[in-house]
Amino acid sequence: MTYLEPQRGMVPFRELAVVGIDDTERRMRSIAIGSFDGVHLGHRDVVRGCDTVLTFAPHPLRVLRPESAPALLTSHNQKIAKLAALGVREVVTIPFDTHWAKQSAADFVDKILVGILNAREISVGFNFRYGAHGYGTPEKLQQDRRFRTRVVSPVTVGSTVVSSTAIRMLVQQGDVRGATRLLGAPFAQPATIRDDHTVIFPIDLAVPSAKTYICDIGGVVARLSFDGEPHLVDTADPVGPNEQETMVTFLSESTSAVAQWAYAAGGAAAPLLR
């Protein structure tokens with residue numbers, strides 16, 4: 001069992017147990033289930049009142065349809081920290097792979113929710129699916145009398161239904177303020193600041209389109225400029241002694257001229273303009 005401590009730049013939260021599905025203790029649980037990428041306003045409604053979150057790593061689509069796997073709004077550690085800030089007591093992670101993808105909906109309920117996690121209450125989103133081929137639905141969970149099931153309706157901001165997909169589209173369009181409205185918090189991603197003031201983002205995370213943005217970078221407000229394809233970033237780059245890992249919070253789009261990308265170590269790095 002791992003206990004996660006508060007990270008720099010994150011909202012303070014109480015001690016949180018982070019465990020694998022095979023390492024859980026035997027107790028009754030109120031469980032929110034989902035991928036929870038971004039931990040947006042809709043996710044918060046699903047998590048509300050639950051002491052445990054059951055989630056998956058990697059994102060199931062990276063196993064089921066790798067070519068369609070989305071760029072993530074949060075790293076796994078970010079997601080855990082955001083869930084902890086909501087007051088969750090425990091995050092249980094299923095290491096999603098081809099074996100898990102073949103598990104039937106009935107086995108998921110019988111072996112995982114009831115057998116291992118001893119669920120007394122389940123909370124899921126309206127479009128949640130589980131089990132092989134997504135045959136499990138919220139309605140099927142509601143029919144199971146071994147636990148209570150709460151199905152959370154869509155959350156809207158204005159006329160927009162809040163979803164990870166909708167937020168990714170806003171990020172891709174460079175509308176970081178729109179993404180912030182649906183997230184319920186500023187859009188931020190972890191990055192590495194190099195000694196030459198370039199910033200490198202992990203390749204599997206969503207970053208905005210080629211524009212210049214006003215950002216909070218490790219507590220410093222600065223302009224961050226993109227001009228090119230962000231996902232050329234190479235996450236295999238070694239972190240040297242002069243490099244710093246930090247959070248980059250996108251505050252707004254800047255009207256300043258867009259600078260050129262700096263290419264290094266097989267990846268692209270955005271110049272940091274002060």
# chains A, B, ... in the order shown; residues from 1 in each chain; ligands from 1

$ residues_around --residues "Cys50 of chain A" --least-positions-apart "3" --cutoff "7 Å" --atoms "only C-alpha atoms" --output "compact mmCIF listing (two decimals) with all heavy atoms, in the first residue's frame"
# COMPACT_ATOMS: atom_id res chain seq x y z
N SER A 30 -17.86 2.58 -0.41
CA SER A 30 -18.70 3.36 -1.33
C SER A 30 -17.78 3.77 -2.46
O SER A 30 -16.83 4.53 -2.26
CB SER A 30 -19.27 4.59 -0.61
OG SER A 30 -19.98 5.40 -1.51
N ILE A 31 -18.05 3.26 -3.68
CA ILE A 31 -17.07 3.30 -4.76
C ILE A 31 -17.56 4.09 -5.96
O ILE A 31 -18.64 3.83 -6.50
CB ILE A 31 -16.71 1.87 -5.22
CG1 ILE A 31 -16.33 0.99 -4.03
CG2 ILE A 31 -15.60 1.90 -6.25
CD1 ILE A 31 -16.22 -0.48 -4.37
N ALA A 32 -16.73 5.05 -6.39
CA ALA A 32 -16.94 5.73 -7.67
C ALA A 32 -16.06 5.04 -8.70
O ALA A 32 -14.87 4.81 -8.44
CB ALA A 32 -16.57 7.21 -7.57
N VAL A 47 -17.90 11.31 -7.96
CA VAL A 47 -17.07 10.99 -6.80
C VAL A 47 -17.71 11.44 -5.49
O VAL A 47 -17.46 10.85 -4.43
CB VAL A 47 -15.67 11.65 -6.96
CG1 VAL A 47 -14.85 11.52 -5.69
CG2 VAL A 47 -14.93 11.03 -8.14
N VAL A 88 -11.35 11.91 -1.15
CA VAL A 88 -11.37 10.45 -1.30
C VAL A 88 -10.36 9.83 -0.34
O VAL A 88 -9.27 10.35 -0.14
CB VAL A 88 -11.04 10.07 -2.76
CG1 VAL A 88 -10.84 8.57 -2.90
CG2 VAL A 88 -12.15 10.55 -3.68

$ atom_distance --atom1 "atom CA of Glu253 of chain A" --atom2 "atom CA of Val176 of chain A"
7.2 Å

$ residues_around --residues "Gln173 of chain A" --least-positions-apart "6" --cutoff "9 Å" --atoms "only C-alpha atoms" --output "PDB file with N, CA, C and O atoms, in the first residue's frame"
ATOM      1  N   PRO A 208      -2.153  22.440 -25.637  1.00  0.00           N
ATOM      2  CA  PRO A 208      -2.911  23.302 -26.551  1.00  0.00           C
ATOM      3  C   PRO A 208      -2.286  23.397 -27.935  1.00  0.00           C
ATOM      4  O   PRO A 208      -1.145  22.993 -28.166  1.00  0.00           O
ATOM      5  N   SER A 209      -3.063  23.987 -28.847  1.00  0.00           N
ATOM      6  CA  SER A 209      -2.618  24.159 -30.223  1.00  0.00           C
ATOM      7  C   SER A 209      -1.541  25.229 -30.322  1.00  0.00           C
ATOM      8  O   SER A 209      -1.194  25.883 -29.341  1.00  0.00           O
ATOM      9  N   ALA A 210      -1.026  25.403 -31.534  1.00  0.00           N
ATOM     10  CA  ALA A 210       0.130  26.278 -31.764  1.00  0.00           C
ATOM     11  C   ALA A 210      -0.236  27.755 -31.628  1.00  0.00           C
ATOM     12  O   ALA A 210      -0.611  28.421 -32.581  1.00  0.00           O
TER      13      ALA A 210
END

$ residues_around --residues "Pro138 of chain A" --least-positions-apart "4" --cutoff "12 Å" --atoms "only C-alpha atoms" --output "VMD selection string"
chain A and resid 33 to 34 105 109 122 to 131 134 142 to 144 148 to 153

$ atom_distance --atom1 "atom CA of Thr52 of chain A" --atom2 "atom CA of Asp23 of chain A"
13.8 Å

$ select_by_dssp --residues "segment 68-265 of chain A" --states "strand (DSSP E or B)" --output "ChimeraX atom specification"
/A:72,90-95,119-125,130,136,148-152,156-157,160-161,187-193,198-200,205,212-217,220-225,244-254,262-264

$ residues_around --residues "segment 98-101 of chain A" --least-positions-apart "5" --cutoff "12 Å" --atoms "only C-alpha atoms" --output "PyMOL selection string"
chain A and resi 21+56-66+107-108+112+129-135

$ atom_distance --atom1 "atom CA of Val171 of chain A" --atom2 "atom CA of Leu54 of chain A"
26.3 Å

$ closest_residue --among "A:Thr55, A:Ser75, A:Thr93, A:Ser68" --to "Asp204 of chain A" --atoms "only C-alpha atoms"
A:Ser75

$ residues_around --residues "Met28 of chain A" --least-positions-apart "3" --cutoff "10 Å" --atoms "only C-alpha atoms" --output "ChimeraX atom specification"
/A:25,31,51,114,116-121

$ select_by_dssp --residues "segment 45-243 of chain A" --states "alpha helix (DSSP H)" --output "PyMOL selection string"
chain A and resi 45-47+61-64+76-85+98-101+105-107+138-143+164-172+176-183

$ closest_residue --among "A:His76, A:His40, A:Lys111, A:Arg26" --to "Ala166 of chain A" --atoms "only C-alpha atoms"
A:His40

$ closest_residue --among "A:Val19, A:Ile200, A:Ile217, A:Ala71" --to "Pro95 of chain A" --atoms "only C-alpha atoms"
A:Val19
